[in-house]
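Q: What follows is model_3.pdb, made up of PDB, C-alpha atoms:
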```pdb
ATOM      1  CA  MET A  67      -1.091   6.439 -18.344
ATOM      2  CA  ASP A  68       1.660   5.813 -20.878
ATOM      3  CA  ALA A  69       3.174   9.237 -20.151
ATOM      4  CA  ILE A  70       3.024   8.575 -16.417
ATOM      5  CA  ARG A  71       4.577   5.168 -16.852
ATOM      6  CA  ALA A  72       7.325   6.564 -19.074
ATOM      7  CA  ARG A  73       8.131   9.235 -16.501
ATOM      8  CA  PHE A  74       8.751   6.762 -13.678
ATOM      9  CA  ASP A  75       9.690   3.532 -15.489
ATOM     10  CA  GLY A  76      13.453   3.945 -15.403
ATOM     11  CA  LYS A  77      13.575   5.221 -11.852
ATOM     12  CA  LEU A  78      11.332   2.453 -10.561
ATOM     13  CA  SER A  79      13.112  -0.408 -12.276
ATOM     14  CA  GLU A  80      16.432   0.978 -11.037
ATOM     15  CA  ARG A  81      15.153   1.339  -7.460
ATOM     16  CA  LEU A  82      13.177  -1.903  -7.210
ATOM     17  CA  GLY A  83      14.810  -4.380  -9.571
ATOM     18  CA  GLU A  84      12.889  -6.408 -12.134
ATOM     19  CA  GLN A  85      10.634  -8.328  -9.735
ATOM     20  CA  GLY A  86       9.730  -5.264  -7.680
ATOM     21  CA  TYR A  87       9.110  -3.284 -10.830
ATOM     22  CA  ARG A  88       6.764  -5.953 -12.242
ATOM     23  CA  HIS A  89       4.897  -6.035  -8.926
ATOM     24  CA  SER A  90       4.504  -2.250  -8.946
ATOM     25  CA  LEU A  91       3.066  -2.311 -12.464
ATOM     26  CA  ALA A  92       0.661  -5.089 -11.499
ATOM     27  CA  VAL A  93      -0.463  -3.075  -8.478
ATOM     28  CA  ALA A  94      -0.864   0.018 -10.680
ATOM     29  CA  GLU A  95      -3.056  -1.831 -13.166
ATOM     30  CA  THR A  96      -5.094  -3.467 -10.407
ATOM     31  CA  ALA A  97      -5.520  -0.128  -8.616
ATOM     32  CA  ALA A  98      -6.694   1.537 -11.837
ATOM     33  CA  ALA A  99      -9.262  -1.220 -12.398
ATOM     34  CA  LEU A 100     -10.501  -1.019  -8.797
ATOM     35  CA  ALA A 101     -10.717   2.763  -9.033
ATOM     36  CA  GLY A 102     -12.871   2.443 -12.126
ATOM     37  CA  ALA A 103     -15.144  -0.046 -10.377
ATOM     38  CA  TYR A 104     -15.602   2.316  -7.429
ATOM     39  CA  GLY A 105     -15.964   5.608  -9.284
ATOM     40  CA  LEU A 106     -12.496   6.969  -8.546
ATOM     41  CA  ASP A 107      -9.935   8.438 -10.924
ATOM     42  CA  SER A 108      -8.121   5.530 -12.589
ATOM     43  CA  ASP A 109      -5.073   7.576 -13.601
ATOM     44  CA  THR A 110      -4.476   8.758 -10.042
ATOM     45  CA  ALA A 111      -4.882   5.204  -8.764
ATOM     46  CA  PHE A 112      -2.448   3.949 -11.407
ATOM     47  CA  VAL A 113       0.203   6.444 -10.302
ATOM     48  CA  ALA A 114      -0.290   5.665  -6.610
ATOM     49  CA  GLY A 115      -0.126   1.945  -7.315
ATOM     50  CA  MET A 116       2.944   2.303  -9.479
ATOM     51  CA  LEU A 117       4.808   4.285  -6.818
ATOM     52  CA  HIS A 118       3.562   2.456  -3.719
ATOM     53  CA  ASP A 119       6.833   0.560  -3.113
ATOM     54  CA  TRP A 120       9.150   3.493  -3.831
ATOM     55  CA  ALA A 121      11.352   2.728  -0.788
ATOM     56  CA  ARG A 122      10.715  -1.037  -0.661
ATOM     57  CA  ALA A 123      14.213  -2.062  -1.732
ATOM     58  CA  GLU A 124      16.047   0.150   0.752
ATOM     59  CA  ARG A 125      18.180  -1.591   3.345
ATOM     60  CA  ALA A 126      16.816  -1.950   6.872
ATOM     61  CA  GLU A 127      19.367   0.422   8.375
ATOM     62  CA  ASP A 128      18.611   3.020   5.699
ATOM     63  CA  LEU A 129      14.875   2.835   6.403
ATOM     64  CA  LEU A 130      15.486   3.256  10.128
ATOM     65  CA  ALA A 131      17.854   6.181   9.554
ATOM     66  CA  ALA A 132      15.471   7.860   7.108
ATOM     67  CA  ALA A 133      12.538   7.433   9.479
ATOM     68  CA  ALA A 134      14.503   8.986  12.333
ATOM     69  CA  ALA A 135      15.733  11.843  10.140
ATOM     70  CA  ILE A 136      12.255  12.823   8.972
ATOM     71  CA  GLY A 137      10.497  12.352  12.289
ATOM     72  CA  ILE A 138       8.564   9.152  11.660
ATOM     73  CA  GLU A 139       7.840   7.337  14.910
ATOM     74  CA  VAL A 140       9.706   4.035  15.058
ATOM     75  CA  THR A 141       7.957   1.481  17.251
ATOM     76  CA  ALA A 142       9.602  -1.631  18.683
ATOM     77  CA  THR A 143       7.909  -3.567  15.884
ATOM     78  CA  ASP A 144       9.333  -1.199  13.259
ATOM     79  CA  ALA A 145      12.795  -1.585  14.775
ATOM     80  CA  ALA A 146      12.468  -5.371  14.621
ATOM     81  CA  VAL A 147      10.916  -5.347  11.123
ATOM     82  CA  PRO A 148      12.199  -2.172   9.409
ATOM     83  CA  TYR A 149      10.538  -3.177   6.130
ATOM     84  CA  LEU A 150       7.305  -1.880   7.682
ATOM     85  CA  LEU A 151       8.698   1.655   7.414
ATOM     86  CA  HIS A 152       9.065   1.560   3.622
ATOM     87  CA  ALA A 153       5.564   2.945   3.012
ATOM     88  CA  LYS A 154       5.923   6.056   5.157
ATOM     89  CA  VAL A 155       9.548   6.658   4.192
ATOM     90  CA  GLY A 156       8.734   6.223   0.506
ATOM     91  CA  ALA A 157       5.768   8.570   0.759
ATOM     92  CA  ARG A 158       7.928  11.264   2.326
ATOM     93  CA  GLN A 159      10.631  10.805  -0.308
ATOM     94  CA  LEU A 160       8.064  11.070  -3.106
ATOM     95  CA  ALA A 161       6.527  14.196  -1.571
ATOM     96  CA  GLU A 162       9.931  15.867  -1.468
ATOM     97  CA  GLU A 163      11.143  14.741  -4.894
ATOM     98  CA  PHE A 164       7.840  15.076  -6.774
ATOM     99  CA  PRO A 165       5.618  17.602  -4.949
ATOM    100  CA  GLU A 166       3.343  17.748  -7.998
ATOM    101  CA  LEU A 167       2.098  14.227  -7.187
ATOM    102  CA  GLY A 168      -0.197  15.720  -4.586
ATOM    103  CA  GLU A 169      -1.337  14.762  -1.144
ATOM    104  CA  ALA A 170      -3.779  12.011  -2.180
ATOM    105  CA  ILE A 171      -1.096   9.909  -3.879
ATOM    106  CA  VAL A 172       1.412  10.486  -1.087
ATOM    107  CA  GLU A 173      -1.158   9.466   1.537
ATOM    108  CA  ALA A 174      -2.056   6.330  -0.428
ATOM    109  CA  VAL A 175       1.615   5.338  -0.610
ATOM    110  CA  ALA A 176       2.070   6.012   3.118
ATOM    111  CA  ALA A 177      -0.904   3.816   4.074
ATOM    112  CA  HIS A 178      -0.384   0.845   1.766
ATOM    113  CA  THR A 179       1.452  -1.385   4.254
ATOM    114  CA  LEU A 180      -0.226  -0.870   7.629
ATOM    115  CA  GLY A 181      -3.328   1.008   6.569
ATOM    116  CA  ASP A 182      -4.493   4.012   8.522
ATOM    117  CA  VAL A 183      -7.315   4.819  10.894
ATOM    118  CA  GLU A 184      -8.639   7.439   8.473
ATOM    119  CA  MET A 185      -8.001   6.226   4.946
ATOM    120  CA  SER A 186      -9.143   7.839   1.747
ATOM    121  CA  ASP A 187     -10.838   5.701  -0.862
ATOM    122  CA  LEU A 188      -7.706   5.991  -2.997
ATOM    123  CA  ALA A 189      -5.572   4.674  -0.133
ATOM    124  CA  ARG A 190      -7.972   1.757   0.333
ATOM    125  CA  VAL A 191      -7.772   0.971  -3.378
ATOM    126  CA  VAL A 192      -3.956   0.891  -3.318
ATOM    127  CA  TYR A 193      -3.898  -1.251  -0.166
ATOM    128  CA  ILE A 194      -6.298  -3.747  -1.736
ATOM    129  CA  ALA A 195      -4.502  -3.705  -5.102
ATOM    130  CA  ASP A 196      -1.202  -4.509  -3.389
ATOM    131  CA  LEU A 197      -2.843  -7.560  -1.852
ATOM    132  CA  ILE A 198      -4.838  -8.849  -4.829
ATOM    133  CA  GLU A 199      -2.632  -8.069  -7.838
ATOM    134  CA  PRO A 200      -2.644 -11.067 -10.209
ATOM    135  CA  ASP A 201       0.790 -12.444  -9.306
ATOM    136  CA  ARG A 202      -0.052 -12.826  -5.611
ATOM    137  CA  ARG A 203      -0.609 -16.425  -4.558
ATOM    138  CA  ILE A 204      -2.247 -16.211  -1.147
ATOM    139  CA  ASP A 205      -4.836 -18.487   0.434
ATOM    140  CA  GLY A 206      -8.145 -16.630   0.600
ATOM    141  CA  ILE A 207      -7.283 -14.087  -2.078
ATOM    142  CA  ALA A 208      -9.684 -15.496  -4.681
ATOM    143  CA  GLU A 209     -12.653 -14.528  -2.528
ATOM    144  CA  ILE A 210     -11.435 -10.950  -2.230
ATOM    145  CA  ARG A 211     -10.761 -10.715  -5.954
ATOM    146  CA  ALA A 212     -14.251 -12.030  -6.665
ATOM    147  CA  ALA A 213     -15.830  -9.498  -4.287
ATOM    148  CA  ALA A 214     -14.149  -6.518  -5.987
ATOM    149  CA  GLY A 215     -16.857  -4.351  -7.490
ATOM    150  CA  GLU A 216     -19.575  -6.508  -5.906
ATOM    151  CA  VAL A 217     -19.356  -5.144  -2.362
ATOM    152  CA  SER A 218     -18.704  -1.619  -1.114
ATOM    153  CA  LEU A 219     -15.123  -0.402  -1.064
ATOM    154  CA  ALA A 220     -15.263  -0.199   2.744
ATOM    155  CA  GLU A 221     -16.360  -3.839   2.914
ATOM    156  CA  LEU A 222     -13.716  -4.956   0.435
ATOM    157  CA  PHE A 223     -11.054  -3.151   2.455
ATOM    158  CA  ALA A 224     -12.327  -4.780   5.669
ATOM    159  CA  ARG A 225     -12.059  -8.221   4.069
ATOM    160  CA  ALA A 226      -8.592  -7.494   2.698
ATOM    161  CA  TYR A 227      -7.378  -6.170   6.041
ATOM    162  CA  ALA A 228      -8.813  -9.179   7.872
ATOM    163  CA  LEU A 229      -6.962 -11.495   5.496
ATOM    164  CA  SER A 230      -3.727  -9.586   6.101
ATOM    165  CA  ILE A 231      -4.128  -9.887   9.869
ATOM    166  CA  THR A 232      -4.925 -13.594   9.558
ATOM    167  CA  ARG A 233      -1.734 -14.125   7.544
ATOM    168  CA  ILE A 234       0.368 -12.209  10.076
ATOM    169  CA  VAL A 235      -1.023 -14.109  13.043
ATOM    170  CA  GLY A 236      -0.933 -17.436  11.190
ATOM    171  CA  GLY A 237       2.720 -16.858  10.350
ATOM    172  CA  ARG A 238       3.430 -16.059  14.003
ATOM    173  CA  ARG A 239       4.827 -12.682  13.000
ATOM    174  CA  ARG A 240       4.702  -9.454  14.979
ATOM    175  CA  LEU A 241       1.438  -7.546  14.795
ATOM    176  CA  HIS A 242       2.157  -3.829  14.522
ATOM    177  CA  PRO A 243       0.341  -1.755  17.178
ATOM    178  CA  HIS A 244      -1.017   0.468  14.411
ATOM    179  CA  THR A 245      -2.699  -2.579  12.868
ATOM    180  CA  VAL A 246      -4.849  -2.986  15.964
ATOM    181  CA  ALA A 247      -5.938   0.660  15.770
ATOM    182  CA  VAL A 248      -6.820   0.318  12.081
ATOM    183  CA  TRP A 249      -8.781  -2.872  12.691
ATOM    184  CA  ASN A 250     -10.687  -1.244  15.545
ATOM    185  CA  ALA A 251     -11.538   1.684  13.252
ATOM    186  CA  ILE A 252     -12.827  -0.738  10.610
ATOM    187  CA  VAL A 253     -15.018  -2.463  13.181
ATOM    188  CA  SER A 254     -16.279   0.881  14.508
ATOM    189  CA  GLU A 255     -17.316   1.850  10.970
ATOM    190  CA  GLY A 256     -19.288  -1.383  10.689
ATOM    191  CA  GLY A 257     -16.953  -2.881   8.108
ATOM    192  CA  ALA A 258     -16.289  -6.150   9.894
TER     193      ALA A 258
END
```
In structure tokens, write the structure found in this file.

A:
Amino acid sequence: MDAIRARFDGKLSERLGEQGYRHSLAVAETAAALAGAYGLDSDTAFVAGMLHDWARAERAEDLLAAAAAIGIEVTATDAAVPYLLHAKVGARQLAEEFPELGEAIVEAVAAHTLGDVEMSDLARVVYIADLIEPDRRIDGIAEIRAAAGEVSLAELFARAYALSITRIVGGRRRLHPHTVAVWNAIVSEGGA
């Protein structure tokens, strides 16, 4: 992991600033630990976690322009909250700049903000790690942290996603239409 970290350290800190960089490292370490607990490759999870916010610091207008240029659908919610596009835009940028990363990492980066109806275990790990990394101070997070490794990955993801939805609704923020589809998929799988 040291070689991986060395490869991306400078680029990430330059792109994300100190706080964003620290968050990405915390997500990487949390993702690696979760991967180990669930029988997944820790190194792959570390890389996906480290790179998950690749486009997070881009300006709203740049995210909207990039999404349009590469054919990412922009919903009314995305237009109102362009930050939501950073996962898919970042994933596409990573795929183009570093094709050797592979599809699994790119998919995990793409799904870390809104989730996806069909998520790989790696993508679930990165989504959860982004939520539960140690510097996050969120009501209800302690229960999810405590459940890590104790419940199935599908169940842990369902709990994490439910907490995310609760926070969005509680904050009276827009609920992305994709979020409803992901939640319905979770329920259909018996994870809620």

Q: Would you list the contacts of segment 232-244 of chain A as JSON, numbers by chain, taking every protein, DNA or RNA residue within 12 Å and counting all atoms listed in the file, but skipping same-chain residues closer than 5 positions in sequence?

A: {"A": [139, 140, 141, 142, 143, 144, 145, 146, 147, 148, 149, 150, 151, 177, 179, 180, 181, 182, 183, 184, 197, 204, 205, 206, 207, 225, 226, 227, 249, 250, 251]}

Q: Can you list, as a PyMOL selection string, every protein, DNA or RNA residue that comes within 10 Å of Ser108 of chain A when you count all atoms listed in the file, leaving out same-chain residues fewer than 2 positions away?

A: chain A and resi 67+94-106+110-114+188

Q: Residues picked by the PyMOL selection byres ((chain A and resi 87) around 12) here, as a PyMOL selection string?

A: chain A and resi 71+74-86+88-94+115-123

Q: Report, in Å with one decimal, the straight-line distance from atom CA of Pro165 of chain A to atom CA of Ala220 of chain A.

A: 28.5 Å

Q: Please report the interatomic distance between atom CA of Ile194 of chain A and atom CA of Leu222 of chain A in Å with one decimal.

A: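 If I compute the distance from atom CA of Ile194 of chain A to atom CA of Leu222 of chain A, I get 7.8 Å.
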
Q: Could you jot down the atom CA of Glu163 of chain A to atom CA of Asp196 of chain A separation for me, Å, one decimal place?

A: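 Distance reported for this atom pair: 22.9 Å.
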
Q: Find, counting all atoms listed in the file, the residue in A:Leu229, A:Ala174, A:Met185, A:Leu130 that gets nearest to Ile198 of chain A.

A: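 Among A:Leu229, A:Ala174, A:Met185, A:Leu130, it is A:Leu229 that comes nearest to Ile198 of chain A.
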
Q: With only C-alpha atoms as the atoms that count, which of A:Ala195, A:Glu169, A:His152, A:Ala247 lies nearest to Glu127 of chain A?

A: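 Comparing A:Ala195, A:Glu169, A:His152, A:Ala247 against Glu127 of chain A, the winner is A:His152.
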
Q: With all atoms listed in the file as the atoms that count, which of A:Ser230, A:Leu219, A:Ala213, A:Ile70 lies nearest to Ser186 of chain A?

A: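 Checking each candidate against Ser186 of chain A, we get A:Leu219 as the closest.
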
Q: Of the residues A:Ile231, A:Val155, A:Ala176, A:Ala69, which is the one nearest to Tyr193 of chain A, using only C-alpha atoms?

A: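 Smallest distance to Tyr193 of chain A is found for A:Ala176.
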
Q: Go through the shown structure with the PyMOL selection byres ((chain A and resi 157) around 8) and write out the matching residues as an mmCIF file with C-alpha atoms, in the coordinates of the input.

A:
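Output file out-v7.cif is given in full below:
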```
data_model
loop_
_atom_site.group_PDB
_atom_site.id
_atom_site.type_symbol
_atom_site.label_atom_id
_atom_site.label_comp_id
_atom_site.auth_asym_id
_atom_site.auth_seq_id
_atom_site.Cartn_x
_atom_site.Cartn_y
_atom_site.Cartn_z
ATOM 1 C CA HIS A 118 3.562 2.456 -3.719
ATOM 2 C CA TRP A 120 9.150 3.493 -3.831
ATOM 3 C CA ALA A 153 5.564 2.945 3.012
ATOM 4 C CA LYS A 154 5.923 6.056 5.157
ATOM 5 C CA VAL A 155 9.548 6.658 4.192
ATOM 6 C CA GLY A 156 8.734 6.223 0.506
ATOM 7 C CA ARG A 158 7.928 11.264 2.326
ATOM 8 C CA GLN A 159 10.631 10.805 -0.308
ATOM 9 C CA LEU A 160 8.064 11.070 -3.106
ATOM 10 C CA ALA A 161 6.527 14.196 -1.571
ATOM 11 C CA VAL A 172 1.412 10.486 -1.087
ATOM 12 C CA GLU A 173 -1.158 9.466 1.537
ATOM 13 C CA VAL A 175 1.615 5.338 -0.610
ATOM 14 C CA ALA A 176 2.070 6.012 3.118
#
```

Q: Could you check which of A:Glu221, A:Glu124, A:Glu216, A:Glu199 is closest to Asp187 of chain A, using all atoms listed in the file?

A: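 Closest residue, counting all atoms listed in the file: A:Glu221.
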
Q: Could you give me the centre and size, in Å to one decimal, of an axis-aligned box around all listed atoms of segment 138-143 of chain A with 3 Å added on every side, as AutoDock Vina command-line options?

A:
```
--center_x 8.8 --center_y 2.8 --center_z 15.2 --size_x 7.9 --size_y 18.7 --size_z 13.0
```
